[in-house]
>>> print(open('structure_30.cif').read())   # mmCIF, C-alpha atoms
data_final
loop_
_atom_site.label_atom_id
_atom_site.label_comp_id
_atom_site.auth_asym_id
_atom_site.auth_seq_id
_atom_site.Cartn_x
_atom_site.Cartn_y
_atom_site.Cartn_z
CA MET A 1 -13.65 27.26 2.03
CA ASP A 2 -11.19 26.88 4.91
CA LEU A 3 -9.45 23.64 5.90
CA ASN A 4 -12.00 22.74 8.58
CA GLU A 5 -14.85 22.99 6.09
CA GLN A 6 -12.90 20.99 3.51
CA ILE A 7 -12.23 18.24 6.06
CA ASN A 8 -15.88 18.18 7.12
CA GLN A 9 -17.01 17.90 3.50
CA LEU A 10 -14.55 15.06 2.82
CA GLU A 11 -15.62 13.22 5.98
CA SER A 12 -19.27 13.49 4.87
CA ASP A 13 -18.27 12.13 1.46
CA LEU A 14 -16.41 9.26 3.12
CA GLN A 15 -19.40 8.42 5.32
CA GLU A 16 -21.68 8.28 2.29
CA ILE A 17 -19.20 6.13 0.34
CA CYS A 18 -18.96 3.70 3.27
CA GLY A 19 -22.76 3.50 3.36
CA LEU A 20 -22.90 2.71 -0.36
CA LEU A 21 -20.13 0.15 0.04
CA GLU A 22 -22.14 -1.72 2.67
CA LYS A 23 -25.10 -1.93 0.28
CA ALA A 24 -23.13 -2.74 -2.88
CA GLU A 25 -23.42 -6.34 -4.04
CA ARG A 26 -21.59 -6.41 -7.37
CA LYS A 27 -17.83 -6.91 -7.18
CA ARG A 28 -16.98 -4.23 -9.74
CA VAL A 29 -19.09 -1.65 -7.93
CA GLN A 30 -17.42 -2.61 -4.64
CA GLU A 31 -13.96 -2.19 -6.16
CA LEU A 32 -14.82 1.23 -7.58
CA LEU A 33 -16.20 2.38 -4.23
CA LYS A 34 -13.11 1.07 -2.41
CA GLN A 35 -10.86 3.02 -4.77
CA GLU A 36 -12.86 6.18 -4.14
CA GLN A 37 -12.82 5.46 -0.38
CA SER A 38 -9.02 5.18 -0.47
CA LYS A 39 -8.76 8.43 -2.43
CA VAL A 40 -10.97 10.36 -0.01
CA GLU A 41 -9.15 8.96 3.04
CA SER A 42 -5.85 10.12 1.53
CA GLU A 43 -7.30 13.59 0.95
CA ILE A 44 -8.55 13.77 4.55
CA GLY A 45 -5.13 12.76 5.86
CA ALA A 46 -3.38 15.38 3.75
CA LYS A 47 -5.82 18.12 4.80
CA ARG A 48 -5.44 17.22 8.48
CA LEU A 49 -1.67 17.38 8.16
CA LEU A 50 -1.92 20.81 6.52
CA LYS A 51 -4.22 21.93 9.32
CA GLU A 52 -1.74 20.74 11.99
CA GLN A 53 1.12 22.52 10.24
CA LYS A 54 -0.93 25.71 9.93
CA GLU A 55 -1.88 25.64 13.61
CA LYS A 56 1.75 25.18 14.61
CA ARG A 57 2.85 28.08 12.41
CA GLU A 58 0.18 30.29 13.96
CA ALA A 59 1.23 29.23 17.46
CA ASP A 60 4.89 29.94 16.64
CA PRO A 61 5.05 32.78 14.07
CA SER A 62 8.84 32.65 13.97
CA SER A 63 8.64 29.22 12.35
CA ALA A 64 7.10 30.78 9.24
CA THR A 65 10.43 32.44 8.48
CA LYS A 66 12.26 29.13 8.33
CA ALA A 67 12.84 28.28 4.68
CA ALA A 68 11.92 24.62 4.53
CA TYR A 69 9.97 22.97 1.77
CA THR A 70 8.36 19.54 1.87
CA VAL A 71 9.40 16.50 -0.15
CA LYS A 72 7.53 13.22 -0.38
CA ILE A 73 9.07 10.04 1.02
CA THR A 74 8.53 7.27 -1.51
CA ASN A 75 11.39 4.90 -0.72
CA TYR A 76 10.71 2.57 2.20
CA GLY A 77 10.59 -1.08 3.18
CA TRP A 78 8.26 -3.09 5.36
CA ASP A 79 7.84 -6.41 7.09
CA GLN A 80 5.61 -7.83 9.81
CA SER A 81 5.33 -9.96 12.89
CA ASP A 82 2.22 -11.41 14.50
CA LYS A 83 1.61 -8.14 16.35
CA TYR A 84 3.08 -5.36 14.23
CA VAL A 85 3.52 -4.15 10.67
CA LYS A 86 6.86 -2.33 10.53
CA ILE A 87 7.71 0.37 7.97
CA TYR A 88 11.38 1.26 7.59
CA VAL A 89 12.21 4.77 6.32
CA THR A 90 15.92 5.36 5.72
CA LEU A 91 17.12 8.94 6.21
CA LYS A 92 20.83 9.39 6.80
CA ASP A 93 21.61 11.15 10.10
CA VAL A 94 17.94 11.42 11.07
CA HIS A 95 18.91 10.24 14.56
CA LYS A 96 20.92 13.44 15.02
CA ILE A 97 17.98 15.85 14.82
CA PRO A 98 15.69 16.59 17.81
CA ALA A 99 13.25 13.76 18.46
CA GLU A 100 10.33 16.22 18.44
CA ASN A 101 11.07 16.95 14.77
CA VAL A 102 9.85 13.46 13.89
CA GLU A 103 6.08 13.27 14.12
CA VAL A 104 3.77 10.36 13.29
CA THR A 105 -0.02 10.62 13.33
CA PHE A 106 -1.92 7.33 13.29
CA THR A 107 -5.49 6.57 12.25
CA ASP A 108 -7.30 3.25 12.36
CA ARG A 109 -6.30 2.59 8.74
CA GLY A 110 -3.07 4.50 8.12
CA PHE A 111 -0.51 7.03 9.28
CA SER A 112 1.30 10.26 8.34
CA LEU A 113 5.01 10.72 9.01
CA LEU A 114 6.56 14.20 9.05
CA VAL A 115 10.29 14.77 9.57
CA LYS A 116 10.72 18.52 10.03
CA GLU A 117 13.69 20.71 9.17
CA PHE A 118 15.93 17.82 8.19
CA GLY A 119 18.62 18.68 5.65
CA GLY A 120 16.91 22.00 4.94
CA LYS A 121 13.64 20.29 4.06
CA ASN A 122 10.58 18.68 5.58
CA HIS A 123 10.10 15.03 4.64
CA GLU A 124 6.56 13.68 4.50
CA MET A 125 5.05 10.23 4.02
CA THR A 126 1.35 9.41 4.13
CA LEU A 127 -0.09 5.91 3.83
CA ARG A 128 -3.87 5.49 3.88
CA SER A 129 -6.03 2.41 3.41
CA LEU A 130 -3.61 -0.07 4.90
CA MET A 131 -4.36 -3.71 4.18
CA SER A 132 -6.16 -4.11 7.53
CA ALA A 133 -7.14 -1.99 10.50
CA ILE A 134 -4.53 -0.99 13.08
CA ASP A 135 -4.69 0.08 16.71
CA ALA A 136 -3.75 3.77 16.50
CA LYS A 137 -3.37 4.10 20.26
CA ASP A 138 -0.79 1.30 20.57
CA SER A 139 1.10 2.13 17.37
CA CYS A 140 4.35 4.05 17.70
CA LYS A 141 7.56 5.26 16.08
CA LYS A 142 11.19 4.57 16.89
CA ILE A 143 14.18 6.60 15.78
CA LYS A 144 17.21 4.48 15.03
CA THR A 145 20.55 5.18 13.38
CA ASP A 146 19.80 6.66 9.94
CA MET A 147 16.24 5.34 10.12
CA VAL A 148 12.70 6.01 11.31
CA LEU A 149 10.79 2.85 12.21
CA VAL A 150 6.99 3.17 12.13
CA MET A 151 5.29 0.36 14.05
CA CYS A 152 1.61 -0.18 13.30
CA LYS A 153 -0.08 -2.41 15.88
CA LYS A 154 -2.32 -5.01 14.27
CA THR A 155 -5.85 -5.44 15.57
CA ALA A 156 -5.75 -9.10 14.50
CA ALA A 157 -2.82 -11.52 14.47
CA LYS A 158 -2.99 -12.42 10.80
CA ARG A 159 -0.49 -12.10 7.97
CA TRP A 160 -0.91 -9.20 5.57
CA GLU A 161 -0.62 -10.11 1.91
CA CYS A 162 0.24 -6.50 1.00
CA LEU A 163 0.87 -3.26 2.86
CA THR A 164 -2.06 -1.33 1.37
CA GLN A 165 -5.36 -2.09 -0.30
CA ALA A 166 -4.14 -0.34 -3.45
CA GLU A 167 -1.22 -2.77 -3.71
CA LYS A 168 -3.61 -5.70 -3.20
CA GLN A 169 -5.92 -4.44 -5.96
CA ALA A 170 -2.98 -4.01 -8.35
CA LYS A 171 -1.76 -7.50 -7.50
CA ASP A 172 -5.19 -9.04 -8.07
CA LYS A 173 -5.43 -7.40 -11.50
CA ASP A 174 -2.27 -9.24 -12.56
CA LYS A 175 -3.67 -12.64 -11.58
CA PRO A 176 -5.09 -14.74 -14.42
CA LYS A 177 -8.90 -14.70 -14.30
CA MET A 178 -10.85 -17.96 -14.23
CA GLU A 179 -14.53 -18.59 -14.67
CA ASP A 180 -16.39 -20.09 -11.74
CA ASN A 181 -16.89 -23.43 -13.51
CA ALA A 182 -13.57 -23.47 -15.33
CA ASP A 183 -11.15 -26.36 -15.08
CA PRO A 184 -8.20 -25.22 -12.87
CA SER A 185 -5.81 -26.86 -15.34
CA ASP A 186 -7.08 -24.46 -18.02
CA GLY A 187 -5.86 -21.55 -15.95
CA LEU A 188 -2.44 -23.15 -15.58
CA MET A 189 -2.28 -23.81 -19.31
CA SER A 190 -3.22 -20.20 -20.07
CA MET A 191 -0.50 -18.95 -17.76
CA LEU A 192 2.11 -21.27 -19.33
CA LYS A 193 1.08 -20.16 -22.82
CA LYS A 194 1.45 -16.52 -21.80
CA VAL A 195 4.91 -17.09 -20.31
CA TYR A 196 5.89 -19.15 -23.35
CA SER A 197 4.72 -16.57 -25.89
CA GLU A 198 6.42 -13.69 -24.06
CA GLY A 199 9.60 -15.54 -23.12
CA ASP A 200 12.95 -15.64 -24.90
CA ASP A 201 14.38 -18.73 -26.59
CA GLU A 202 15.95 -19.99 -23.37
CA MET A 203 12.63 -19.68 -21.51
CA LYS A 204 10.83 -21.57 -24.30
CA ARG A 205 13.40 -24.37 -24.23
CA THR A 206 13.02 -24.63 -20.44
CA ILE A 207 9.21 -24.83 -20.65
CA ASN A 208 9.36 -27.35 -23.50
CA LYS A 209 11.71 -29.58 -21.53
CA ALA A 210 9.67 -29.40 -18.32
CA TRP A 211 6.42 -30.05 -20.18
CA SER A 212 7.87 -33.00 -22.07
CA GLU A 213 9.26 -34.62 -18.92
CA SER A 214 5.94 -34.11 -17.14
CA GLN A 215 4.00 -35.73 -19.98
CA GLU A 216 6.34 -38.69 -20.10
CA LYS A 217 5.99 -39.29 -16.37
CA ARG A 218 2.23 -39.15 -16.54
CA ALA A 219 2.26 -41.34 -19.65
CA THR A 220 -0.87 -39.64 -20.90
CA GLY A 221 0.34 -38.66 -24.33
CA GLY A 222 -0.26 -35.12 -25.51
CA GLY A 223 3.01 -33.30 -25.76
CA LEU A 224 3.65 -29.71 -26.68
CA GLY A 225 1.18 -29.35 -29.51
CA ASP A 226 -0.80 -26.47 -28.04
CA MET A 227 2.16 -24.47 -26.97
CA MET A 228 4.12 -25.05 -30.14
CA ASP A 229 1.24 -23.49 -32.05
CA LEU A 230 1.82 -20.14 -30.34
#
>>> encode(input="structure_30.cif", output="structure tokens")
Amino acid sequence: MDLNEQINQLESDLQEICGLLEKAERKRVQELLKQEQSKVESEIGAKRLLKEQKEKREADPSSATKAAYTVKITNYGWDQSDKYVKIYVTLKDVHKIPAENVEVTFTDRGFSLLVKEFGGKNHEMTLRSLMSAIDAKDSCKKIKTDMVLVMCKKTAAKRWECLTQAEKQAKDKDKPKMEDNADPSDGLMSMLKKVYSEGDDEMKRTINKAWSESQEKRATGGGLGDMMDL
């Protein structure tokens, strides 16, 4: 199966997953489908990049003789404004190579960055399933001293809690779970107990002191009985 057929198959899979996601009502099922959606989107992006590279090699056979292998870019930073999400990729002396060696392909939910023939290697970074949709047409890249700046244009002027949906899902898993009818103070107590039980002596003394002072101010009695039982 060639790359075009693989991409077509993955796009059909993605379409079916999206259809199931629209019909899914249970939260766990939705989360599983979103994870699979993110995985398929990443595969499509990688296949498209391979296809572009293959087409360029076929158009310029001499490029096939250039010994360059591809490494993944995993170290980057990001921030945001009302209009853009900005990804900072630090590569020393990247501003000294030809501008056409730095390519960025945008989709409505991600991008692929390829820095070609830099330091004897190709450098690649692919981010799929960004936190929210972006405007691929108005997104762009900028090459600065020792850095590539990828600017993703937001479709809505709202703050992103995380860069990708995968990061958001990982963050949500770490949050303490509460039942719908649970007392919010129970969640706080559970969190304090967890910190207390896992903390060192200094952390326990700090929590004990803060708890004691809080109880005295509220003059409601109680104390540290529950936590001291841990």
>>> residues_around(input="structure_30.cif", residues="His95 (chain A)", least_positions_apart="4", cutoff="10 Å", atoms="only C-alpha atoms", output="list of chain:residue names")
A:Leu91, A:Ala99, A:Val102, A:Lys142, A:Ile143, A:Lys144, A:Thr145, A:Asp146, A:Met147, A:Val148
>>> residues_around(input="structure_30.cif", residues="Val150 (chain A)", least_positions_apart="5", cutoff="10 Å", atoms="only C-alpha atoms", output="count of residues only")
17
>>> closest_residue(input="structure_30.cif", among="A:Val115, A:Glu103, A:Cys18, A:Lys83", to="Asp135 (chain A)", atoms="all atoms listed in the file")
A:Lys83
>>> atom_distance(input="structure_30.cif", atom1="CA of Asp82 (chain A)", atom2="CA of Glu167 (chain A)")
20.4 Å
>>> closest_residue(input="structure_30.cif", among="A:Glu36, A:Glu5, A:Glu202, A:Asp172", to="Leu20 (chain A)", atoms="all atoms listed in the file")
A:Glu36
>>> closest_residue(input="structure_30.cif", among="A:Cys162, A:Ala170, A:Ala46, A:Ile73", to="Thr90 (chain A)", atoms="all atoms listed in the file")
A:Ile73
>>> atom_distance(input="structure_30.cif", atom1="CA of Lys158 (chain A)", atom2="CA of Ile134 (chain A)")
11.8 Å
>>> closest_residue(input="structure_30.cif", among="A:Lys47, A:Ala24, A:Gly77, A:Glu31", to="Glu11 (chain A)", atoms="all atoms listed in the file")
A:Lys47
>>> closest_residue(input="structure_30.cif", among="A:Asp200, A:Glu117, A:Glu25, A:Asp79", to="Ile97 (chain A)", atoms="all atoms listed in the file")
A:Glu117
>>> atom_distance(input="structure_30.cif", atom1="CA of Ala133 (chain A)", atom2="CA of Glu100 (chain A)")
26.5 Å
>>> resolve_selection(input="structure_30.cif", expression="the PyMOL selection byres ((chain A and resi 43) around 12)", output="list in words")
Leu3, Gln6, Ile7, Asn8, Gln9, Leu10, Glu11, Asp13, Leu14, Glu36, Gln37, Ser38, Lys39, Val40, Glu41, Ser42, Ile44, Gly45, Ala46, Lys47, Arg48, Leu49, Leu50, Ser112, Thr126, Leu127, Arg128 and Ser129 of chain A
>>> closest_residue(input="structure_30.cif", among="A:Met1, A:Leu163, A:Val94, A:Val29", to="His123 (chain A)", atoms="all atoms listed in the file")
A:Val94
>>> resolve_selection(input="structure_30.cif", expression="the PyMOL selection byres ((chain A and resi 165) around 7)", output="PyMOL selection string")
chain A and resi 129-131+164+166-169
>>> write_last_selection(input="structure_30.cif", atoms="C-alpha atoms", output="PDB file, in the frame of the given file")
ATOM      1  CA  SER A 129      -6.030   2.410   3.410  1.00  0.00           C
ATOM      2  CA  LEU A 130      -3.610  -0.070   4.900  1.00  0.00           C
ATOM      3  CA  MET A 131      -4.360  -3.710   4.180  1.00  0.00           C
ATOM      4  CA  THR A 164      -2.060  -1.330   1.370  1.00  0.00           C
ATOM      5  CA  ALA A 166      -4.140  -0.340  -3.450  1.00  0.00           C
ATOM      6  CA  GLU A 167      -1.220  -2.770  -3.710  1.00  0.00           C
ATOM      7  CA  LYS A 168      -3.610  -5.700  -3.200  1.00  0.00           C
ATOM      8  CA  GLN A 169      -5.920  -4.440  -5.960  1.00  0.00           C
TER       9      GLN A 169
END
